[in-house]
Each structure stands twice: as structure tokens, then as C-alpha cells.
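Colleague: One file: upload-v1.pdb (PDB, N, CA and C atoms).
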```pdb
ATOM      1  N   MET A 586    -101.928 -24.005 -85.742
ATOM      2  CA  MET A 586    -100.561 -24.060 -85.309
ATOM      3  C   MET A 586    -100.318 -25.432 -84.681
ATOM      4  N   ARG A 587     -99.233 -26.021 -85.039
ATOM      5  CA  ARG A 587     -98.882 -27.335 -84.488
ATOM      6  C   ARG A 587     -98.055 -27.144 -83.222
ATOM      7  N   CYS A 588     -98.465 -27.828 -82.155
ATOM      8  CA  CYS A 588     -97.702 -27.765 -80.904
ATOM      9  C   CYS A 588     -97.728 -29.138 -80.249
ATOM     10  N   VAL A 589     -96.780 -29.357 -79.364
ATOM     11  CA  VAL A 589     -96.678 -30.633 -78.664
ATOM     12  C   VAL A 589     -96.993 -30.404 -77.199
ATOM     13  N   ILE A 590     -97.972 -31.151 -76.712
ATOM     14  CA  ILE A 590     -98.349 -31.097 -75.297
ATOM     15  C   ILE A 590     -98.372 -32.530 -74.798
ATOM     16  N   ALA A 591     -97.615 -32.811 -73.764
ATOM     17  CA  ALA A 591     -97.487 -34.151 -73.180
ATOM     18  C   ALA A 591     -97.056 -35.174 -74.245
ATOM     19  N   ARG A 592     -96.101 -34.786 -75.062
ATOM     20  CA  ARG A 592     -95.505 -35.622 -76.099
ATOM     21  C   ARG A 592     -96.457 -35.964 -77.246
ATOM     22  N   TYR A 593     -97.627 -35.332 -77.306
ATOM     23  CA  TYR A 593     -98.570 -35.557 -78.401
ATOM     24  C   TYR A 593     -98.726 -34.287 -79.226
ATOM     25  N   PRO A 594     -98.690 -34.412 -80.555
ATOM     26  CA  PRO A 594     -98.857 -33.216 -81.396
ATOM     27  C   PRO A 594    -100.329 -32.821 -81.518
ATOM     28  N   PHE A 595    -100.592 -31.518 -81.489
ATOM     29  CA  PHE A 595    -101.930 -30.975 -81.653
ATOM     30  C   PHE A 595    -101.882 -29.845 -82.664
ATOM     31  N   ASP A 596    -102.897 -29.776 -83.511
ATOM     32  CA  ASP A 596    -103.063 -28.650 -84.424
ATOM     33  C   ASP A 596    -104.118 -27.737 -83.816
ATOM     34  N   LEU A 597    -103.663 -26.672 -83.185
ATOM     35  CA  LEU A 597    -104.565 -25.757 -82.492
ATOM     36  C   LEU A 597    -104.703 -24.452 -83.259
ATOM     37  N   THR A 598    -105.894 -23.887 -83.198
ATOM     38  CA  THR A 598    -106.137 -22.557 -83.761
ATOM     39  C   THR A 598    -106.802 -21.712 -82.691
ATOM     40  N   ARG A 599    -106.684 -20.421 -82.844
ATOM     41  CA  ARG A 599    -107.305 -19.497 -81.884
ATOM     42  C   ARG A 599    -108.822 -19.698 -81.863
ATOM     43  N   THR A 600    -109.438 -19.795 -83.030
ATOM     44  CA  THR A 600    -110.896 -19.974 -83.077
ATOM     45  C   THR A 600    -111.312 -21.332 -82.526
ATOM     46  N   GLY A 601    -110.475 -22.343 -82.718
ATOM     47  CA  GLY A 601    -110.761 -23.662 -82.168
ATOM     48  C   GLY A 601    -110.744 -23.667 -80.650
ATOM     49  N   VAL A 602    -109.770 -22.972 -80.072
ATOM     50  CA  VAL A 602    -109.693 -22.872 -78.613
ATOM     51  C   VAL A 602    -110.898 -22.095 -78.079
ATOM     52  N   LEU A 603    -111.241 -20.991 -78.742
ATOM     53  CA  LEU A 603    -112.411 -20.211 -78.316
ATOM     54  C   LEU A 603    -113.675 -21.066 -78.359
ATOM     55  N   ALA A 604    -113.834 -21.860 -79.410
ATOM     56  CA  ALA A 604    -115.006 -22.723 -79.535
ATOM     57  C   ALA A 604    -115.010 -23.815 -78.465
ATOM     58  N   SER A 605    -113.846 -24.384 -78.172
ATOM     59  CA  SER A 605    -113.755 -25.438 -77.157
ATOM     60  C   SER A 605    -114.092 -24.922 -75.762
ATOM     61  N   MET A 606    -113.689 -23.685 -75.464
ATOM     62  CA  MET A 606    -113.888 -23.132 -74.127
ATOM     63  C   MET A 606    -115.251 -22.451 -73.961
ATOM     64  N   LYS A 607    -115.997 -22.311 -75.066
ATOM     65  CA  LYS A 607    -117.306 -21.666 -74.989
ATOM     66  C   LYS A 607    -118.230 -22.526 -74.116
ATOM     67  N   GLY A 608    -118.838 -21.899 -73.133
ATOM     68  CA  GLY A 608    -119.747 -22.596 -72.238
ATOM     69  C   GLY A 608    -119.071 -23.311 -71.087
ATOM     70  N   VAL A 609    -117.744 -23.279 -71.025
ATOM     71  CA  VAL A 609    -117.007 -23.911 -69.928
ATOM     72  C   VAL A 609    -116.873 -22.901 -68.802
ATOM     73  N   ARG A 610    -117.292 -23.272 -67.624
ATOM     74  CA  ARG A 610    -117.223 -22.387 -66.465
ATOM     75  C   ARG A 610    -115.809 -22.440 -65.869
ATOM     76  N   PRO A 611    -115.182 -21.281 -65.669
ATOM     77  CA  PRO A 611    -113.815 -21.294 -65.123
ATOM     78  C   PRO A 611    -113.773 -21.795 -63.684
ATOM     79  N   GLU A 612    -112.753 -22.596 -63.391
ATOM     80  CA  GLU A 612    -112.503 -23.024 -62.020
ATOM     81  C   GLU A 612    -111.791 -21.889 -61.287
ATOM     82  N   LEU A 613    -111.622 -22.026 -59.993
ATOM     83  CA  LEU A 613    -110.918 -21.034 -59.188
ATOM     84  C   LEU A 613    -109.461 -20.959 -59.637
ATOM     85  N   VAL A 614    -108.982 -19.748 -59.887
ATOM     86  CA  VAL A 614    -107.599 -19.551 -60.328
ATOM     87  C   VAL A 614    -106.699 -19.465 -59.101
ATOM     88  N   THR A 615    -105.797 -20.451 -58.967
ATOM     89  CA  THR A 615    -104.849 -20.460 -57.850
ATOM     90  C   THR A 615    -103.403 -20.471 -58.329
ATOM     91  N   SER A 616    -103.201 -20.695 -59.620
ATOM     92  CA  SER A 616    -101.842 -20.684 -60.165
ATOM     93  C   SER A 616    -101.883 -20.003 -61.531
ATOM     94  N   GLU A 617    -101.081 -20.456 -62.474
ATOM     95  CA  GLU A 617    -101.030 -19.826 -63.780
ATOM     96  C   GLU A 617    -102.404 -19.846 -64.441
ATOM     97  N   SER A 618    -102.688 -18.783 -65.221
ATOM     98  CA  SER A 618    -103.998 -18.700 -65.866
ATOM     99  C   SER A 618    -103.865 -18.073 -67.244
ATOM    100  N   VAL A 619    -104.941 -18.188 -68.024
ATOM    101  CA  VAL A 619    -104.984 -17.630 -69.375
ATOM    102  C   VAL A 619    -106.346 -16.976 -69.572
ATOM    103  N   THR A 620    -106.340 -15.811 -70.218
ATOM    104  CA  THR A 620    -107.583 -15.109 -70.515
ATOM    105  C   THR A 620    -108.066 -15.551 -71.892
ATOM    106  N   ILE A 621    -109.266 -16.109 -71.909
ATOM    107  CA  ILE A 621    -109.893 -16.549 -73.156
ATOM    108  C   ILE A 621    -111.242 -15.869 -73.229
ATOM    109  N   GLY A 622    -111.407 -15.025 -74.225
ATOM    110  CA  GLY A 622    -112.622 -14.209 -74.292
ATOM    111  C   GLY A 622    -112.593 -13.207 -73.149
ATOM    112  N   ARG A 623    -113.631 -13.202 -72.344
ATOM    113  CA  ARG A 623    -113.697 -12.300 -71.188
ATOM    114  C   ARG A 623    -113.424 -13.010 -69.873
ATOM    115  N   ARG A 624    -113.073 -14.277 -69.952
ATOM    116  CA  ARG A 624    -112.896 -15.066 -68.733
ATOM    117  C   ARG A 624    -111.442 -15.470 -68.546
ATOM    118  N   ARG A 625    -111.097 -15.675 -67.275
ATOM    119  CA  ARG A 625    -109.745 -16.100 -66.921
ATOM    120  C   ARG A 625    -109.819 -17.529 -66.396
ATOM    121  N   TYR A 626    -109.145 -18.438 -67.074
ATOM    122  CA  TYR A 626    -109.181 -19.858 -66.748
ATOM    123  C   TYR A 626    -107.829 -20.327 -66.219
ATOM    124  N   PRO A 627    -107.832 -21.300 -65.295
ATOM    125  CA  PRO A 627    -106.558 -21.934 -64.923
ATOM    126  C   PRO A 627    -105.978 -22.645 -66.151
ATOM    127  N   VAL A 628    -104.684 -22.571 -66.322
ATOM    128  CA  VAL A 628    -104.027 -23.154 -67.495
ATOM    129  C   VAL A 628    -104.289 -24.660 -67.584
ATOM    130  N   LYS A 629    -104.269 -25.336 -66.469
ATOM    131  CA  LYS A 629    -104.486 -26.786 -66.471
ATOM    132  C   LYS A 629    -105.902 -27.127 -66.937
ATOM    133  N   GLN A 630    -106.891 -26.308 -66.598
ATOM    134  CA  GLN A 630    -108.255 -26.544 -67.049
ATOM    135  C   GLN A 630    -108.343 -26.392 -68.567
ATOM    136  N   VAL A 631    -107.696 -25.359 -69.099
ATOM    137  CA  VAL A 631    -107.696 -25.141 -70.546
ATOM    138  C   VAL A 631    -107.019 -26.322 -71.243
ATOM    139  N   GLY A 632    -105.885 -26.748 -70.732
ATOM    140  CA  GLY A 632    -105.183 -27.877 -71.324
ATOM    141  C   GLY A 632    -106.016 -29.143 -71.317
ATOM    142  N   GLN A 633    -106.731 -29.366 -70.241
ATOM    143  CA  GLN A 633    -107.580 -30.548 -70.137
ATOM    144  C   GLN A 633    -108.703 -30.516 -71.180
ATOM    145  N   VAL A 634    -109.304 -29.340 -71.367
ATOM    146  CA  VAL A 634    -110.405 -29.216 -72.324
ATOM    147  C   VAL A 634    -109.916 -29.366 -73.764
ATOM    148  N   ILE A 635    -108.831 -28.679 -74.119
ATOM    149  CA  ILE A 635    -108.415 -28.683 -75.535
ATOM    150  C   ILE A 635    -107.684 -29.952 -75.943
ATOM    151  N   THR A 636    -107.058 -30.671 -74.992
ATOM    152  CA  THR A 636    -106.332 -31.895 -75.350
ATOM    153  C   THR A 636    -107.089 -33.156 -74.971
ATOM    154  N   ARG A 637    -108.074 -33.028 -74.108
ATOM    155  CA  ARG A 637    -108.831 -34.184 -73.585
ATOM    156  C   ARG A 637    -107.919 -35.163 -72.855
ATOM    157  N   GLN A 638    -106.884 -34.611 -72.220
ATOM    158  CA  GLN A 638    -105.955 -35.426 -71.443
ATOM    159  C   GLN A 638    -106.110 -35.090 -69.969
ATOM    160  N   ASP A 639    -105.632 -35.994 -69.138
ATOM    161  CA  ASP A 639    -105.608 -35.760 -67.709
ATOM    162  C   ASP A 639    -104.609 -34.637 -67.430
ATOM    163  N   PRO A 640    -104.961 -33.666 -66.571
ATOM    164  CA  PRO A 640    -104.037 -32.555 -66.297
ATOM    165  C   PRO A 640    -102.688 -32.984 -65.718
ATOM    166  N   ARG A 641    -102.617 -34.174 -65.155
ATOM    167  CA  ARG A 641    -101.340 -34.654 -64.623
ATOM    168  C   ARG A 641    -100.373 -35.069 -65.731
ATOM    169  N   ASP A 642    -100.892 -35.199 -66.964
ATOM    170  CA  ASP A 642    -100.055 -35.658 -68.072
ATOM    171  C   ASP A 642     -99.256 -34.547 -68.748
ATOM    172  N   PHE A 643     -99.574 -33.288 -68.474
ATOM    173  CA  PHE A 643     -98.873 -32.178 -69.125
ATOM    174  C   PHE A 643     -98.541 -31.109 -68.096
ATOM    175  N   THR A 644     -97.624 -30.228 -68.465
ATOM    176  CA  THR A 644     -97.247 -29.145 -67.557
ATOM    177  C   THR A 644     -97.992 -27.866 -67.932
ATOM    178  N   ALA A 645     -98.089 -26.967 -66.973
ATOM    179  CA  ALA A 645     -98.706 -25.665 -67.233
ATOM    180  C   ALA A 645     -97.886 -24.898 -68.263
ATOM    181  N   GLY A 646     -96.574 -25.061 -68.231
ATOM    182  CA  GLY A 646     -95.695 -24.368 -69.173
ATOM    183  C   GLY A 646     -95.964 -24.745 -70.616
ATOM    184  N   GLU A 647     -96.249 -26.025 -70.870
ATOM    185  CA  GLU A 647     -96.553 -26.455 -72.233
ATOM    186  C   GLU A 647     -97.802 -25.749 -72.763
ATOM    187  N   VAL A 648     -98.826 -25.675 -71.937
ATOM    188  CA  VAL A 648    -100.082 -25.047 -72.357
ATOM    189  C   VAL A 648     -99.901 -23.536 -72.476
ATOM    190  N   MET A 649     -99.160 -22.932 -71.549
ATOM    191  CA  MET A 649     -98.929 -21.487 -71.616
ATOM    192  C   MET A 649     -98.183 -21.105 -72.889
ATOM    193  N   ARG A 650     -97.173 -21.878 -73.278
ATOM    194  CA  ARG A 650     -96.452 -21.597 -74.518
ATOM    195  C   ARG A 650     -97.389 -21.662 -75.723
ATOM    196  N   ALA A 651     -98.236 -22.677 -75.756
ATOM    197  CA  ALA A 651     -99.168 -22.824 -76.879
ATOM    198  C   ALA A 651    -100.166 -21.666 -76.909
ATOM    199  N   MET A 652    -100.720 -21.302 -75.752
ATOM    200  CA  MET A 652    -101.712 -20.225 -75.694
ATOM    201  C   MET A 652    -101.082 -18.877 -76.061
ATOM    202  N   THR A 653     -99.838 -18.659 -75.634
ATOM    203  CA  THR A 653     -99.142 -17.416 -75.979
ATOM    204  C   THR A 653     -98.910 -17.344 -77.481
ATOM    205  N   ARG A 654     -98.503 -18.454 -78.085
ATOM    206  CA  ARG A 654     -98.278 -18.477 -79.537
ATOM    207  C   ARG A 654     -99.569 -18.237 -80.317
ATOM    208  N   LEU A 655    -100.713 -18.610 -79.725
ATOM    209  CA  LEU A 655    -102.002 -18.379 -80.374
ATOM    210  C   LEU A 655    -102.532 -16.967 -80.127
ATOM    211  N   GLY A 656    -101.839 -16.194 -79.296
ATOM    212  CA  GLY A 656    -102.228 -14.806 -79.071
ATOM    213  C   GLY A 656    -103.068 -14.561 -77.830
ATOM    214  N   PHE A 657    -103.207 -15.557 -76.973
ATOM    215  CA  PHE A 657    -103.951 -15.370 -75.724
ATOM    216  C   PHE A 657    -103.028 -14.774 -74.665
ATOM    217  N   THR A 658    -103.599 -14.059 -73.713
ATOM    218  CA  THR A 658    -102.820 -13.458 -72.634
ATOM    219  C   THR A 658    -102.709 -14.456 -71.492
ATOM    220  N   CYS A 659    -101.472 -14.777 -71.119
ATOM    221  CA  CYS A 659    -101.221 -15.699 -70.012
ATOM    222  C   CYS A 659    -100.739 -14.914 -68.796
ATOM    223  N   HIS A 660    -101.077 -15.413 -67.622
ATOM    224  CA  HIS A 660    -100.735 -14.750 -66.364
ATOM    225  C   HIS A 660     -99.990 -15.731 -65.467
ATOM    226  N   ASP A 661     -98.959 -15.226 -64.775
ATOM    227  CA  ASP A 661     -98.247 -16.037 -63.798
ATOM    228  C   ASP A 661     -99.127 -16.226 -62.568
ATOM    229  N   ARG A 662     -98.586 -16.906 -61.584
ATOM    230  CA  ARG A 662     -99.334 -17.143 -60.350
ATOM    231  C   ARG A 662     -99.813 -15.821 -59.748
ATOM    232  N   PRO A 663    -101.054 -15.790 -59.226
ATOM    233  CA  PRO A 663    -101.532 -14.554 -58.591
ATOM    234  C   PRO A 663    -100.776 -14.298 -57.296
ATOM    235  N   GLU A 664    -100.552 -13.029 -57.004
ATOM    236  CA  GLU A 664     -99.850 -12.680 -55.777
ATOM    237  C   GLU A 664    -100.785 -12.837 -54.586
ATOM    238  N   ALA A 665    -100.217 -13.179 -53.453
ATOM    239  CA  ALA A 665    -101.014 -13.300 -52.232
ATOM    240  C   ALA A 665    -101.436 -11.912 -51.776
ATOM    241  N   ALA A 666    -102.621 -11.819 -51.224
ATOM    242  CA  ALA A 666    -103.115 -10.529 -50.723
ATOM    243  C   ALA A 666    -102.299 -10.132 -49.504
ATOM    244  N   PRO A 667    -101.945  -8.856 -49.377
ATOM    245  CA  PRO A 667    -101.180  -8.422 -48.207
ATOM    246  C   PRO A 667    -102.003  -8.603 -46.922
ATOM    247  N   VAL A 668    -101.309  -8.794 -45.824
ATOM    248  CA  VAL A 668    -101.966  -8.970 -44.535
ATOM    249  C   VAL A 668    -102.773  -7.721 -44.219
ATOM    250  N   GLY A 669    -104.000  -7.922 -43.784
ATOM    251  CA  GLY A 669    -104.854  -6.792 -43.428
ATOM    252  C   GLY A 669    -105.610  -6.223 -44.612
ATOM    253  N   ALA A 670    -105.571  -6.906 -45.749
ATOM    254  CA  ALA A 670    -106.256  -6.389 -46.937
ATOM    255  C   ALA A 670    -107.718  -6.792 -46.972
ATOM    256  N   GLY A 671    -108.207  -7.435 -45.916
ATOM    257  CA  GLY A 671    -109.574  -7.923 -45.897
ATOM    258  C   GLY A 671    -110.604  -6.880 -45.556
ATOM    259  N   GLY A 672    -110.225  -5.650 -45.337
ATOM    260  CA  GLY A 672    -111.189  -4.600 -45.011
ATOM    261  C   GLY A 672    -110.979  -4.094 -43.601
ATOM    262  N   PRO A 673    -111.952  -3.347 -43.079
ATOM    263  CA  PRO A 673    -111.776  -2.782 -41.740
ATOM    264  C   PRO A 673    -111.772  -3.880 -40.674
ATOM    265  N   THR A 674    -111.011  -3.650 -39.627
ATOM    266  CA  THR A 674    -110.923  -4.584 -38.523
ATOM    267  C   THR A 674    -112.028  -4.272 -37.524
ATOM    268  N   LEU A 675    -112.708  -5.310 -37.033
ATOM    269  CA  LEU A 675    -113.762  -5.118 -36.042
ATOM    270  C   LEU A 675    -113.188  -5.400 -34.662
ATOM    271  N   LEU A 676    -113.311  -4.438 -33.764
ATOM    272  CA  LEU A 676    -112.840  -4.576 -32.387
ATOM    273  C   LEU A 676    -113.983  -4.282 -31.435
ATOM    274  N   ARG A 677    -113.918  -4.871 -30.249
ATOM    275  CA  ARG A 677    -114.944  -4.614 -29.239
ATOM    276  C   ARG A 677    -114.785  -3.199 -28.690
ATOM    277  N   THR A 678    -115.904  -2.520 -28.538
ATOM    278  CA  THR A 678    -115.890  -1.185 -27.955
ATOM    279  C   THR A 678    -116.111  -1.279 -26.461
ATOM    280  N   ALA A 679    -115.963  -0.164 -25.768
ATOM    281  CA  ALA A 679    -116.119  -0.143 -24.315
ATOM    282  C   ALA A 679    -117.546  -0.569 -23.912
ATOM    283  N   SER A 680    -118.529  -0.319 -24.763
ATOM    284  CA  SER A 680    -119.906  -0.678 -24.436
ATOM    285  C   SER A 680    -120.198  -2.147 -24.715
ATOM    286  N   GLY A 681    -119.220  -2.879 -25.257
ATOM    287  CA  GLY A 681    -119.407  -4.301 -25.500
ATOM    288  C   GLY A 681    -119.786  -4.627 -26.935
ATOM    289  N   GLY A 682    -120.109  -3.649 -27.760
ATOM    290  CA  GLY A 682    -120.449  -3.893 -29.156
ATOM    291  C   GLY A 682    -119.201  -3.975 -30.004
ATOM    292  N   THR A 683    -119.397  -4.142 -31.297
ATOM    293  CA  THR A 683    -118.265  -4.141 -32.211
ATOM    294  C   THR A 683    -118.477  -3.066 -33.254
ATOM    295  N   GLY A 684    -117.382  -2.595 -33.801
ATOM    296  CA  GLY A 684    -117.469  -1.555 -34.807
ATOM    297  C   GLY A 684    -116.174  -1.472 -35.573
ATOM    298  N   PRO A 685    -116.203  -0.864 -36.742
ATOM    299  CA  PRO A 685    -114.968  -0.745 -37.518
ATOM    300  C   PRO A 685    -114.006   0.229 -36.860
ATOM    301  N   VAL A 686    -112.758  -0.133 -36.861
ATOM    302  CA  VAL A 686    -111.718   0.699 -36.273
ATOM    303  C   VAL A 686    -110.607   0.867 -37.289
ATOM    304  N   ALA A 687    -110.213   2.095 -37.547
ATOM    305  CA  ALA A 687    -109.100   2.342 -38.464
ATOM    306  C   ALA A 687    -107.812   1.887 -37.796
ATOM    307  N   VAL A 688    -107.047   1.088 -38.495
ATOM    308  CA  VAL A 688    -105.798   0.571 -37.929
ATOM    309  C   VAL A 688    -104.629   1.221 -38.613
TER     310      VAL A 688
END
```
Re-express the file's structure as C-alpha cells.

Modeller:
Amino acid sequence: MRCVIARYPFDLTRTGVLASMKGVRPELVTSESVTIGRRRYPVKQVGQVITRQDPRDFTAGEVMRAMTRLGFTCHDRPEAAPVGAGGPTLLRTASGGTGPVAV
């Protein structure tokens, strides 16, 4: 499939993208992402690998459109975890120790 990323045309295929991303370790996902195989990659990382361009040269939207057209699942920015979602809260007890307390 022919697509334009950062004003340059690319002929991308699903198998070509899978081959390019094989062995690439995903970076931490903090914004838009795409699932390739069993892994979830930041869109900018995928764009950098498949185009060999600096991530500042293209937008996440350009790469997301291309990946969607190739049949990959794209994800918007992850939602922030709700306050208090980190598990049980530890509070000091009367004896001076700490223990989990249901809040």
C-alpha cells in the first residue's frame, strides 16, 4: 500500500511491517500506540523503524492512518490511572507498625 509519511511516499505491506518490527523491543507507551503481533508499540517508534526517519519529522496521525489501513489495531492515548488505584494504603497502627487499611 502506498502512503505518505512526512511528505515522502512509502510502499508498505503488513508483512513488511511485521518483519521490520521483529526483534524490536517496545518502548514505554505514553501516548498513541499500535499493536503489532503480540506487542504494543508507541506509534512514533513504529514510524521511526519503518521509515528510518527522525520521529520529529512525522506526526503520530500519519503513522496511525497507515497502520490502520494495513489492518493493525491502533490505540489512542492511555487513560491516567484513577487516584488511589495503586493498591492498599499503608497507615501507621497504634503499635507503631504499618499495615494495609481498607479506605

Colleague: Phe595 in chain A: which residues within 8 Å, counting all atoms listed in the file, same-chain residues fewer than 5 positions away excluded, as a list in words?

Modeller: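 Result of the neighbour search: Met586, Arg587, Cys588, Val589, Ile590 and Thr636 of chain A.
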
Colleague: Residues picked by the PyMOL selection byres (((chain A and resi 647-653 and name CA) around 9) and name CA) here, as a list in words?

Modeller: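 Applying the PyMOL selection byres (((chain A and resi 647-653 and name CA) around 9) and name CA) to the structure shown produces Met586, Arg587, Cys588, Val589, Ile590, Ala591, Leu597, Arg599, Val602, Glu617, Ser618, Val619, Val628, Lys629, Val631, Gly632, Phe643, Thr644, Ala645, Gly646, Arg654, Leu655, Gly656, Phe657, Thr658, Cys659 and His660 of chain A.
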
Colleague: If the box runs along x, y and z of the file and leaves 3 Å on each side of range 625-640 of chain A, what are its centre and edge lengths in Å, one decimal, as AutoDock Vina command-line options?

Modeller:
```
--center_x -106.9 --center_y -25.8 --center_z -70.4 --size_x 14.4 --size_y 26.3 --size_z 17.0
```

Colleague: So how many Å separate atom N of Arg623 in chain A and atom C of Asp642 in chain A, to one decimal?

Modeller: 26.0 Å

Colleague: Quick check, in Å to one decimal: how far apart do CA of Thr615 in chain A and atom C of Arg641 in chain A lie?

Modeller: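 The value is 17.2 Å.
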